[in-house]
file final_24.pdb (PDB, C-alpha atoms)
ATOM      1  CA  ASN I   1      85.608  53.535  36.313  1.00  0.00           C
ATOM      2  CA  ALA I   2      89.229  53.070  37.311  1.00  0.00           C
ATOM      3  CA  GLY I   3      90.500  53.413  33.712  1.00  0.00           C
ATOM      4  CA  VAL I   4      93.985  51.940  33.455  1.00  0.00           C
ATOM      5  CA  THR I   5      95.621  50.667  36.634  1.00  0.00           C
ATOM      6  CA  GLN I   6      99.113  49.281  37.174  1.00  0.00           C
ATOM      7  CA  THR I   7     100.438  47.018  39.898  1.00  0.00           C
ATOM      8  CA  PRO I   8     102.802  47.515  41.696  1.00  0.00           C
ATOM      9  CA  LYS I   9     103.571  51.237  41.860  1.00  0.00           C
ATOM     10  CA  PHE I  10     107.161  50.745  42.998  1.00  0.00           C
ATOM     11  CA  ARG I  11     109.523  47.792  43.092  1.00  0.00           C
ATOM     12  CA  VAL I  12     113.187  47.161  43.812  1.00  0.00           C
ATOM     13  CA  LEU I  13     114.743  44.008  42.384  1.00  0.00           C
ATOM     14  CA  LYS I  14     118.154  42.470  42.591  1.00  0.00           C
ATOM     15  CA  THR I  15     119.938  41.532  39.378  1.00  0.00           C
ATOM     16  CA  GLY I  16     118.720  38.165  38.161  1.00  0.00           C
ATOM     17  CA  GLN I  17     115.374  38.248  39.961  1.00  0.00           C
ATOM     18  CA  SER I  18     112.122  37.959  38.062  1.00  0.00           C
ATOM     19  CA  MET I  19     108.847  39.827  38.352  1.00  0.00           C
ATOM     20  CA  THR I  20     105.579  40.511  36.588  1.00  0.00           C
ATOM     21  CA  LEU I  21     103.941  43.891  36.127  1.00  0.00           C
ATOM     22  CA  LEU I  22     100.176  43.886  35.796  1.00  0.00           C
ATOM     23  CA  CYS I  23      98.125  46.292  33.723  1.00  0.00           C
ATOM     24  CA  ALA I  24      94.357  46.199  34.069  1.00  0.00           C
ATOM     25  CA  GLN I  25      91.743  48.234  32.196  1.00  0.00           C
ATOM     26  CA  ASP I  26      87.992  48.513  32.575  1.00  0.00           C
ATOM     27  CA  MET I  27      87.324  50.430  29.345  1.00  0.00           C
ATOM     28  CA  ASN I  28      86.818  47.358  27.163  1.00  0.00           C
ATOM     29  CA  HIS I  29      89.650  48.495  24.895  1.00  0.00           C
ATOM     30  CA  GLU I  30      91.111  46.101  22.354  1.00  0.00           C
ATOM     31  CA  TYR I  31      94.659  47.408  22.074  1.00  0.00           C
ATOM     32  CA  MET I  32      97.132  47.510  24.947  1.00  0.00           C
ATOM     33  CA  TYR I  33     100.764  48.641  25.108  1.00  0.00           C
ATOM     34  CA  TRP I  34     103.766  48.533  27.417  1.00  0.00           C
ATOM     35  CA  TYR I  35     106.289  51.398  27.332  1.00  0.00           C
ATOM     36  CA  ARG I  36     109.379  52.239  29.272  1.00  0.00           C
ATOM     37  CA  GLN I  37     110.339  55.840  30.016  1.00  0.00           C
ATOM     38  CA  ASP I  38     113.938  56.832  30.575  1.00  0.00           C
ATOM     39  CA  PRO I  39     115.360  60.359  30.998  1.00  0.00           C
ATOM     40  CA  GLY I  40     116.074  62.016  27.666  1.00  0.00           C
ATOM     41  CA  MET I  41     114.679  59.095  25.674  1.00  0.00           C
ATOM     42  CA  GLY I  42     110.943  59.636  25.738  1.00  0.00           C
ATOM     43  CA  LEU I  43     108.651  56.638  25.804  1.00  0.00           C
ATOM     44  CA  ARG I  44     109.726  53.526  23.960  1.00  0.00           C
ATOM     45  CA  LEU I  45     107.368  50.712  23.069  1.00  0.00           C
ATOM     46  CA  ILE I  46     108.291  47.319  24.517  1.00  0.00           C
ATOM     47  CA  HIS I  47     105.414  45.071  23.418  1.00  0.00           C
ATOM     48  CA  TYR I  48     101.817  45.519  22.433  1.00  0.00           C
ATOM     49  CA  SER I  49      98.622  43.555  21.894  1.00  0.00           C
ATOM     50  CA  VAL I  50      95.779  44.098  19.444  1.00  0.00           C
ATOM     51  CA  GLY I  51      93.403  41.756  21.213  1.00  0.00           C
ATOM     52  CA  GLU I  52      92.987  38.927  23.682  1.00  0.00           C
ATOM     53  CA  GLY I  53      95.509  36.181  22.999  1.00  0.00           C
ATOM     54  CA  THR I  54      97.720  38.335  20.739  1.00  0.00           C
ATOM     55  CA  THR I  55     101.081  39.960  21.386  1.00  0.00           C
ATOM     56  CA  ALA I  56     103.696  41.645  19.216  1.00  0.00           C
ATOM     57  CA  LYS I  57     107.152  43.140  19.663  1.00  0.00           C
ATOM     58  CA  GLY I  58     107.743  46.847  19.842  1.00  0.00           C
ATOM     59  CA  GLU I  59     110.919  48.879  19.599  1.00  0.00           C
ATOM     60  CA  VAL I  60     112.761  47.488  22.661  1.00  0.00           C
ATOM     61  CA  PRO I  61     111.438  43.961  23.400  1.00  0.00           C
ATOM     62  CA  ASP I  62     114.647  42.214  24.495  1.00  0.00           C
ATOM     63  CA  GLY I  63     114.584  40.958  28.091  1.00  0.00           C
ATOM     64  CA  TYR I  64     110.793  41.207  28.381  1.00  0.00           C
ATOM     65  CA  ASN I  65     107.872  38.898  27.757  1.00  0.00           C
ATOM     66  CA  VAL I  66     104.152  39.627  27.731  1.00  0.00           C
ATOM     67  CA  SER I  67     100.860  37.819  27.874  1.00  0.00           C
ATOM     68  CA  ARG I  68      97.243  38.826  27.205  1.00  0.00           C
ATOM     69  CA  LEU I  69      95.155  35.914  28.394  1.00  0.00           C
ATOM     70  CA  LYS I  70      92.200  38.146  29.236  1.00  0.00           C
ATOM     71  CA  LYS I  71      91.075  41.215  27.323  1.00  0.00           C
ATOM     72  CA  GLN I  72      91.263  43.447  30.376  1.00  0.00           C
ATOM     73  CA  ASN I  73      94.763  42.435  31.498  1.00  0.00           C
ATOM     74  CA  PHE I  74      98.198  42.799  29.928  1.00  0.00           C
ATOM     75  CA  LEU I  75     101.156  41.364  31.845  1.00  0.00           C
ATOM     76  CA  LEU I  76     104.798  42.358  31.396  1.00  0.00           C
ATOM     77  CA  GLY I  77     107.401  39.902  32.651  1.00  0.00           C
ATOM     78  CA  LEU I  78     111.074  40.269  33.389  1.00  0.00           C
ATOM     79  CA  GLU I  79     112.612  36.811  33.634  1.00  0.00           C
ATOM     80  CA  SER I  80     116.085  37.873  34.784  1.00  0.00           C
ATOM     81  CA  ALA I  81     116.239  41.537  35.694  1.00  0.00           C
ATOM     82  CA  ALA I  82     119.255  43.644  34.745  1.00  0.00           C
ATOM     83  CA  PRO I  83     120.262  47.139  35.931  1.00  0.00           C
ATOM     84  CA  SER I  84     119.563  48.384  32.371  1.00  0.00           C
ATOM     85  CA  GLN I  85     115.892  47.629  33.010  1.00  0.00           C
ATOM     86  CA  THR I  86     115.717  50.258  35.736  1.00  0.00           C
ATOM     87  CA  SER I  87     112.997  52.528  34.387  1.00  0.00           C
ATOM     88  CA  VAL I  88     109.441  53.751  34.741  1.00  0.00           C
ATOM     89  CA  TYR I  89     107.017  51.433  32.978  1.00  0.00           C
ATOM     90  CA  PHE I  90     103.720  52.628  31.568  1.00  0.00           C
ATOM     91  CA  CYS I  91     100.803  50.678  30.252  1.00  0.00           C
ATOM     92  CA  ALA I  92      98.417  52.253  27.749  1.00  0.00           C
ATOM     93  CA  THR I  93      95.250  51.268  25.897  1.00  0.00           C
ATOM     94  CA  THR I  94      93.424  52.266  22.726  1.00  0.00           C
ATOM     95  CA  ARG I  95      89.841  51.390  21.909  1.00  0.00           C
ATOM     96  CA  ASP I  96      90.444  49.695  18.574  1.00  0.00           C
ATOM     97  CA  ARG I  97      92.068  50.114  15.168  1.00  0.00           C
ATOM     98  CA  GLY I  98      89.812  53.062  14.366  1.00  0.00           C
ATOM     99  CA  ARG I  99      91.009  55.100  17.334  1.00  0.00           C
ATOM    100  CA  TYR I 100      94.462  56.454  18.022  1.00  0.00           C
ATOM    101  CA  GLU I 101      94.205  58.113  21.439  1.00  0.00           C
ATOM    102  CA  GLN I 102      96.119  56.124  24.018  1.00  0.00           C
ATOM    103  CA  TYR I 103      95.100  56.183  27.661  1.00  0.00           C
ATOM    104  CA  PHE I 104      97.989  55.711  30.072  1.00  0.00           C
ATOM    105  CA  GLY I 105      98.204  54.163  33.497  1.00  0.00           C
ATOM    106  CA  PRO I 106     100.010  55.838  36.423  1.00  0.00           C
ATOM    107  CA  GLY I 107     103.250  53.922  35.917  1.00  0.00           C
ATOM    108  CA  THR I 108     105.473  51.502  37.826  1.00  0.00           C
ATOM    109  CA  ARG I 109     108.884  52.668  38.980  1.00  0.00           C
ATOM    110  CA  LEU I 110     111.300  49.741  38.884  1.00  0.00           C
ATOM    111  CA  THR I 111     114.836  49.798  40.226  1.00  0.00           C
ATOM    112  CA  VAL I 112     117.222  46.904  39.581  1.00  0.00           C
ATOM    113  CA  THR I 113     120.306  46.858  41.792  1.00  0.00           C
TER     114      THR I 113
ATOM    115  CA  GLN F   1     116.905  55.522  14.411  1.00  0.00           C
ATOM    116  CA  GLN F   2     114.894  58.292  15.983  1.00  0.00           C
ATOM    117  CA  GLN F   3     111.895  58.869  13.775  1.00  0.00           C
ATOM    118  CA  VAL F   4     110.499  61.831  15.697  1.00  0.00           C
ATOM    119  CA  LYS F   5     112.933  64.541  16.800  1.00  0.00           C
ATOM    120  CA  GLN F   6     111.796  67.023  19.442  1.00  0.00           C
ATOM    121  CA  SER F   7     113.296  70.301  20.597  1.00  0.00           C
ATOM    122  CA  PRO F   8     114.091  71.985  22.873  1.00  0.00           C
ATOM    123  CA  GLN F   9     114.861  69.547  25.665  1.00  0.00           C
ATOM    124  CA  SER F  10     113.854  72.137  28.253  1.00  0.00           C
ATOM    125  CA  LEU F  11     112.137  75.499  28.160  1.00  0.00           C
ATOM    126  CA  ILE F  12     111.566  78.285  30.655  1.00  0.00           C
ATOM    127  CA  VAL F  13     108.838  80.804  29.892  1.00  0.00           C
ATOM    128  CA  GLN F  14     107.463  83.719  31.849  1.00  0.00           C
ATOM    129  CA  LYS F  15     103.825  83.670  32.888  1.00  0.00           C
ATOM    130  CA  GLY F  16     101.703  85.036  30.069  1.00  0.00           C
ATOM    131  CA  GLY F  17     104.304  84.260  27.438  1.00  0.00           C
ATOM    132  CA  ILE F  18     104.148  81.875  24.495  1.00  0.00           C
ATOM    133  CA  SER F  19     105.721  78.417  24.765  1.00  0.00           C
ATOM    134  CA  ILE F  20     106.782  76.793  21.504  1.00  0.00           C
ATOM    135  CA  ILE F  21     107.924  73.191  21.128  1.00  0.00           C
ATOM    136  CA  ASN F  22     108.974  71.743  17.795  1.00  0.00           C
ATOM    137  CA  CYS F  23     108.997  68.269  16.310  1.00  0.00           C
ATOM    138  CA  ALA F  24     110.190  66.810  13.018  1.00  0.00           C
ATOM    139  CA  TYR F  25     109.411  63.397  11.605  1.00  0.00           C
ATOM    140  CA  GLU F  26     110.881  61.218   8.896  1.00  0.00           C
ATOM    141  CA  ASN F  27     108.257  58.641   7.996  1.00  0.00           C
ATOM    142  CA  THR F  28     105.812  60.075   5.450  1.00  0.00           C
ATOM    143  CA  ALA F  29     103.359  57.277   6.269  1.00  0.00           C
ATOM    144  CA  PHE F  30     102.555  58.907   9.611  1.00  0.00           C
ATOM    145  CA  ASP F  31      99.000  60.249   9.576  1.00  0.00           C
ATOM    146  CA  TYR F  32      98.276  61.204  13.178  1.00  0.00           C
ATOM    147  CA  PHE F  33     100.295  63.623  15.288  1.00  0.00           C
ATOM    148  CA  PRO F  34      99.362  63.993  18.957  1.00  0.00           C
ATOM    149  CA  TRP F  35     100.874  65.929  21.817  1.00  0.00           C
ATOM    150  CA  TYR F  36     100.890  64.431  25.290  1.00  0.00           C
ATOM    151  CA  GLN F  37     101.261  66.267  28.590  1.00  0.00           C
ATOM    152  CA  GLN F  38     102.821  64.588  31.616  1.00  0.00           C
ATOM    153  CA  PHE F  39     102.931  65.875  35.176  1.00  0.00           C
ATOM    154  CA  PRO F  40     105.484  64.480  37.653  1.00  0.00           C
ATOM    155  CA  GLY F  41     104.507  61.061  38.951  1.00  0.00           C
ATOM    156  CA  LYS F  42     101.665  60.681  36.449  1.00  0.00           C
ATOM    157  CA  GLY F  43     101.155  58.965  33.147  1.00  0.00           C
ATOM    158  CA  PRO F  44     101.029  61.012  29.929  1.00  0.00           C
ATOM    159  CA  ALA F  45      97.638  62.323  28.843  1.00  0.00           C
ATOM    160  CA  LEU F  46      96.520  63.410  25.390  1.00  0.00           C
ATOM    161  CA  LEU F  47      96.517  67.193  25.050  1.00  0.00           C
ATOM    162  CA  ILE F  48      95.724  67.821  21.392  1.00  0.00           C
ATOM    163  CA  ALA F  49      96.184  65.992  18.090  1.00  0.00           C
ATOM    164  CA  ILE F  50      96.170  66.786  14.382  1.00  0.00           C
ATOM    165  CA  ARG F  51      95.813  64.958  11.071  1.00  0.00           C
ATOM    166  CA  PRO F  52      97.931  65.977   8.062  1.00  0.00           C
ATOM    167  CA  ASP F  53      94.946  67.249   6.079  1.00  0.00           C
ATOM    168  CA  VAL F  54      94.887  70.486   8.106  1.00  0.00           C
ATOM    169  CA  SER F  55      97.665  72.974   8.830  1.00  0.00           C
ATOM    170  CA  GLU F  56      96.495  74.122  12.234  1.00  0.00           C
ATOM    171  CA  LYS F  57      94.308  73.007  15.107  1.00  0.00           C
ATOM    172  CA  LYS F  58      93.441  75.098  18.109  1.00  0.00           C
ATOM    173  CA  GLU F  59      91.951  74.042  21.426  1.00  0.00           C
ATOM    174  CA  GLY F  60      91.792  76.822  23.959  1.00  0.00           C
ATOM    175  CA  ARG F  61      95.318  78.115  24.606  1.00  0.00           C
ATOM    176  CA  PHE F  62      96.913  75.171  22.796  1.00  0.00           C
ATOM    177  CA  THR F  63      97.582  75.182  19.045  1.00  0.00           C
ATOM    178  CA  ILE F  64      99.270  72.651  16.769  1.00  0.00           C
ATOM    179  CA  SER F  65     100.839  73.990  13.597  1.00  0.00           C
ATOM    180  CA  PHE F  66     101.571  71.388  10.928  1.00  0.00           C
ATOM    181  CA  ASN F  67     103.835  71.711   7.884  1.00  0.00           C
ATOM    182  CA  LYS F  68     103.485  68.595   5.756  1.00  0.00           C
ATOM    183  CA  SER F  69     106.084  69.544   3.151  1.00  0.00           C
ATOM    184  CA  ALA F  70     108.711  70.222   5.806  1.00  0.00           C
ATOM    185  CA  LYS F  71     107.617  67.211   7.878  1.00  0.00           C
ATOM    186  CA  GLN F  72     107.421  69.371  10.971  1.00  0.00           C
ATOM    187  CA  PHE F  73     104.806  70.192  13.577  1.00  0.00           C
ATOM    188  CA  SER F  74     104.819  72.348  16.639  1.00  0.00           C
ATOM    189  CA  LEU F  75     102.879  73.039  19.814  1.00  0.00           C
ATOM    190  CA  HIS F  76     102.161  76.619  20.822  1.00  0.00           C
ATOM    191  CA  ILE F  77     100.910  77.392  24.315  1.00  0.00           C
ATOM    192  CA  MET F  78      99.510  80.895  24.464  1.00  0.00           C
ATOM    193  CA  ASP F  79      99.310  82.862  27.725  1.00  0.00           C
ATOM    194  CA  SER F  80     101.418  80.215  29.465  1.00  0.00           C
ATOM    195  CA  GLN F  81     100.518  79.580  33.118  1.00  0.00           C
ATOM    196  CA  PRO F  82     102.445  77.995  35.996  1.00  0.00           C
ATOM    197  CA  GLY F  83      99.955  75.111  35.851  1.00  0.00           C
ATOM    198  CA  ASP F  84     101.249  74.340  32.347  1.00  0.00           C
ATOM    199  CA  SER F  85     104.617  73.363  33.838  1.00  0.00           C
ATOM    200  CA  ALA F  86     104.993  69.752  32.756  1.00  0.00           C
ATOM    201  CA  THR F  87     106.782  67.542  30.277  1.00  0.00           C
ATOM    202  CA  TYR F  88     105.387  67.576  26.749  1.00  0.00           C
ATOM    203  CA  PHE F  89     105.840  64.795  24.230  1.00  0.00           C
ATOM    204  CA  CYS F  90     105.082  64.900  20.546  1.00  0.00           C
ATOM    205  CA  ALA F  91     104.286  61.635  18.812  1.00  0.00           C
ATOM    206  CA  ALA F  92     103.332  60.192  15.463  1.00  0.00           C
ATOM    207  CA  SER F  93     101.367  57.181  14.304  1.00  0.00           C
ATOM    208  CA  ARG F  94     100.130  55.572  11.143  1.00  0.00           C
ATOM    209  CA  ALA F  95      97.134  53.440  10.329  1.00  0.00           C
ATOM    210  CA  GLY F  96      97.507  49.729  10.868  1.00  0.00           C
ATOM    211  CA  GLY F  97     100.197  47.831  12.702  1.00  0.00           C
ATOM    212  CA  GLY F  98      98.564  48.266  16.082  1.00  0.00           C
ATOM    213  CA  ASN F  99      98.270  52.081  15.925  1.00  0.00           C
ATOM    214  CA  LYS F 100     101.679  52.330  17.557  1.00  0.00           C
ATOM    215  CA  LEU F 101     102.880  55.732  18.685  1.00  0.00           C
ATOM    216  CA  THR F 102     106.466  56.873  18.085  1.00  0.00           C
ATOM    217  CA  PHE F 103     107.339  59.482  20.686  1.00  0.00           C
ATOM    218  CA  GLY F 104     109.761  62.366  20.697  1.00  0.00           C
ATOM    219  CA  THR F 105     112.202  62.655  23.584  1.00  0.00           C
ATOM    220  CA  GLY F 106     110.154  65.214  25.521  1.00  0.00           C
ATOM    221  CA  THR F 107     110.380  68.874  26.524  1.00  0.00           C
ATOM    222  CA  GLN F 108     110.363  69.920  30.148  1.00  0.00           C
ATOM    223  CA  LEU F 109     108.459  73.214  30.369  1.00  0.00           C
ATOM    224  CA  LYS F 110     108.656  75.508  33.365  1.00  0.00           C
ATOM    225  CA  VAL F 111     106.467  78.581  33.506  1.00  0.00           C
ATOM    226  CA  GLU F 112     107.764  81.138  35.966  1.00  0.00           C
ATOM    227  CA  LEU F 113     105.768  83.849  37.731  1.00  0.00           C
TER     228      LEU F 113
END

call {"tool": "encode", "arguments": {"input": "final_24.pdb", "output": "structure tokens"}}
result
Amino acid sequence: NAGVTQTPKFRVLKTGQSMTLLCAQDMNHEYMYWYRQDPGMGLRLIHYSVGEGTTAKGEVPDGYNVSRLKKQNFLLGLESAAPSQTSVYFCATTRDRGRYEQYFGPGTRLTVT
Amino acid sequence: QQQVKQSPQSLIVQKGGISIINCAYENTAFDYFPWYQQFPGKGPALLIAIRPDVSEKKEGRFTISFNKSAKQFSLHIMDSQPGDSATYFCAASRAGGGNKLTFGTGTQLKVEL
């Protein structure tokens, strides 16, 4: 079992470019989350999904879009990257509404120049 | 609005000493309080968690103390070891609404020989 995987591990973008981060899980979990981690600010929730075909906004959703077309995948898109989106992005999953423990992926380090 | 406040931002402890990290929350609807441990270059991983119906939970060298009336909880690491050097995040969640976690800003712990 790979658990939660994230692709890519590192990426450098120029301002205005677009990209998609992929989160994949093989644990059959219902809930999936995207966070960004910045120094001194902890982890902040961008978007989340409570099941295939559902998405919802978190604390800092502006500038990002998400899709959950398949249960095992949760995609995070940046349509027009900005330097303020330089961060480490983490995906996480939880089994279902009866469970709270979140399992995190290894992260994607994104730099926008 | 920061709903979970964590202190200190950084902590240096001698090997064998006790590490103490504190968190305070505002939302009385929170009913799950986990601590996550993160090593450099890795995603956070659940360390220990507590529900508000108990005042203390111990797992090995790690203990959570919970004070519901004061809306505070803390992590105690007994007999701290160099391998405990990591960043620790407290968090809080409530039932429903996607089981979202609200994280504190993190504490960077260094255990010196």

call {"tool": "resolve_selection", "arguments": {"input": "final_24.pdb", "expression": "the PyMOL selection byres ((chain I and resi 109) around 7)", "output": "VMD selection string"}}
result
chain I and resid 9 to 11 87 to 89 107 to 108 110 to 111

call {"tool": "resolve_selection", "arguments": {"input": "final_24.pdb", "expression": "the PyMOL selection byres ((chain F) within 12 of (chain I))", "output": "compact mmCIF listing (two decimals) with C-alpha atoms, in the coordinates of the input"}}
result
# COMPACT_ATOMS: atom_id res chain seq x y z
CA GLN F 1 116.90 55.52 14.41
CA GLN F 2 114.89 58.29 15.98
CA GLN F 3 111.90 58.87 13.78
CA VAL F 4 110.50 61.83 15.70
CA LYS F 5 112.93 64.54 16.80
CA GLN F 6 111.80 67.02 19.44
CA SER F 7 113.30 70.30 20.60
CA PRO F 8 114.09 71.98 22.87
CA GLN F 9 114.86 69.55 25.66
CA SER F 10 113.85 72.14 28.25
CA PHE F 30 102.56 58.91 9.61
CA ASP F 31 99.00 60.25 9.58
CA TYR F 32 98.28 61.20 13.18
CA PHE F 33 100.30 63.62 15.29
CA PRO F 34 99.36 63.99 18.96
CA TRP F 35 100.87 65.93 21.82
CA TYR F 36 100.89 64.43 25.29
CA GLN F 37 101.26 66.27 28.59
CA GLN F 38 102.82 64.59 31.62
CA PHE F 39 102.93 65.88 35.18
CA PRO F 40 105.48 64.48 37.65
CA GLY F 41 104.51 61.06 38.95
CA LYS F 42 101.66 60.68 36.45
CA GLY F 43 101.16 58.96 33.15
CA PRO F 44 101.03 61.01 29.93
CA ALA F 45 97.64 62.32 28.84
CA LEU F 46 96.52 63.41 25.39
CA LEU F 47 96.52 67.19 25.05
CA ILE F 48 95.72 67.82 21.39
CA ALA F 49 96.18 65.99 18.09
CA ILE F 50 96.17 66.79 14.38
CA ARG F 51 95.81 64.96 11.07
CA THR F 87 106.78 67.54 30.28
CA TYR F 88 105.39 67.58 26.75
CA PHE F 89 105.84 64.80 24.23
CA CYS F 90 105.08 64.90 20.55
CA ALA F 91 104.29 61.64 18.81
CA ALA F 92 103.33 60.19 15.46
CA SER F 93 101.37 57.18 14.30
CA ARG F 94 100.13 55.57 11.14
CA ALA F 95 97.13 53.44 10.33
CA GLY F 96 97.51 49.73 10.87
CA GLY F 97 100.20 47.83 12.70
CA GLY F 98 98.56 48.27 16.08
CA ASN F 99 98.27 52.08 15.92
CA LYS F 100 101.68 52.33 17.56
CA LEU F 101 102.88 55.73 18.68
CA THR F 102 106.47 56.87 18.08
CA PHE F 103 107.34 59.48 20.69
CA GLY F 104 109.76 62.37 20.70
CA THR F 105 112.20 62.66 23.58
CA GLY F 106 110.15 65.21 25.52
CA THR F 107 110.38 68.87 26.52
CA GLN F 108 110.36 69.92 30.15

call {"tool": "atom_distance", "arguments": {"input": "final_24.pdb", "atom1": "atom CA of F:Ser19", "atom2": "atom CA of F:Lys71"}}
result
20.4 Å

call {"tool": "residues_around", "arguments": {"input": "final_24.pdb", "residues": "F:Ile64", "least_positions_apart": "6", "cutoff": "6 Å", "atoms": "only C-alpha atoms", "output": "list in words"}}
result
Glu56, Lys57, Ser74 and Leu75 of chain F

call {"tool": "atom_distance", "arguments": {"input": "final_24.pdb", "atom1": "atom CA of F:Leu113", "atom2": "atom CA of F:Gly83"}}
result
10.7 Å

call {"tool": "residues_around", "arguments": {"input": "final_24.pdb", "residues": "I:Ala82", "least_positions_apart": "3", "cutoff": "10 Å", "atoms": "only C-alpha atoms", "output": "list of chain:residue names"}}
result
I:Leu13, I:Lys14, I:Thr15, I:Gly16, I:Gln17, I:Ser18, I:Gly63, I:Leu78, I:Glu79, I:Gln85, I:Thr86, I:Thr111, I:Val112, I:Thr113

call {"tool": "closest_residue", "arguments": {"input": "final_24.pdb", "among": "I:Val12, I:Ser80, I:Glu52, I:Gly3", "to": "I:Gln25", "atoms": "all atoms listed in the file"}}
result
I:Gly3

call {"tool": "resolve_selection", "arguments": {"input": "final_24.pdb", "expression": "the PyMOL selection byres ((chain I and resi 24) around 10)", "output": "list in words"}}
result
Ala2, Gly3, Val4, Thr5, Gln6, Thr7, Leu22, Cys23, Gln25, Asp26, Met27, Met32, Lys70, Lys71, Gln72, Asn73, Phe74, Leu75, Cys91, Ala92, Thr93 and Gly105 of chain I

call {"tool": "build_atoms", "arguments": {"input": "final_24.pdb", "residues": "stretch 71-77 of chain F", "atoms": "all heavy atoms", "output": "short mmCIF file (atom, residue, chain, number, x, y, z; two decimals), in the frame of the given file"}}
result
data_model
loop_
_atom_site.label_atom_id
_atom_site.label_comp_id
_atom_site.auth_asym_id
_atom_site.auth_seq_id
_atom_site.Cartn_x
_atom_site.Cartn_y
_atom_site.Cartn_z
N LYS F 71 107.71 68.31 6.92
CA LYS F 71 107.62 67.21 7.88
C LYS F 71 107.92 67.70 9.29
O LYS F 71 108.75 67.13 10.02
CB LYS F 71 108.52 66.05 7.47
CG LYS F 71 108.06 65.36 6.18
CD LYS F 71 108.84 64.10 5.87
CE LYS F 71 110.22 64.44 5.38
NZ LYS F 71 111.00 63.24 4.96
N GLN F 72 107.22 68.79 9.65
CA GLN F 72 107.42 69.37 10.97
C GLN F 72 106.07 69.74 11.57
O GLN F 72 105.12 70.08 10.83
CB GLN F 72 108.29 70.63 10.88
CG GLN F 72 109.72 70.35 10.43
CD GLN F 72 110.52 71.64 10.24
OE1 GLN F 72 109.97 72.72 10.20
NE2 GLN F 72 111.84 71.49 10.13
N PHE F 73 105.99 69.70 12.88
CA PHE F 73 104.81 70.19 13.58
C PHE F 73 105.24 70.76 14.92
O PHE F 73 106.29 70.38 15.45
CB PHE F 73 103.72 69.12 13.71
CG PHE F 73 104.12 67.87 14.45
CD1 PHE F 73 103.61 67.60 15.70
CD2 PHE F 73 105.00 66.94 13.88
CE1 PHE F 73 103.94 66.44 16.38
CE2 PHE F 73 105.35 65.79 14.55
CZ PHE F 73 104.81 65.53 15.80
N SER F 74 104.44 71.67 15.41
CA SER F 74 104.82 72.35 16.64
C SER F 74 103.61 72.58 17.53
O SER F 74 102.48 72.64 17.05
CB SER F 74 105.51 73.67 16.33
OG SER F 74 104.65 74.52 15.60
N LEU F 75 103.90 72.72 18.81
CA LEU F 75 102.88 73.04 19.81
C LEU F 75 103.13 74.45 20.31
O LEU F 75 104.26 74.78 20.69
CB LEU F 75 102.96 72.06 20.98
CG LEU F 75 102.02 72.33 22.16
CD1 LEU F 75 100.57 72.08 21.75
CD2 LEU F 75 102.39 71.47 23.36
N HIS F 76 102.10 75.27 20.30
CA HIS F 76 102.16 76.62 20.82
C HIS F 76 101.22 76.70 22.02
O HIS F 76 100.03 76.34 21.90
CB HIS F 76 101.73 77.64 19.77
CG HIS F 76 102.66 77.69 18.59
ND1 HIS F 76 103.29 78.85 18.20
CD2 HIS F 76 103.05 76.75 17.72
CE1 HIS F 76 104.05 78.61 17.14
NE2 HIS F 76 103.91 77.33 16.83
N ILE F 77 101.74 77.17 23.14
CA ILE F 77 100.91 77.39 24.32
C ILE F 77 100.86 78.89 24.54
O ILE F 77 101.87 79.52 24.88
CB ILE F 77 101.48 76.68 25.57
CG1 ILE F 77 101.69 75.20 25.28
CG2 ILE F 77 100.53 76.87 26.75
CD1 ILE F 77 102.37 74.46 26.42
#
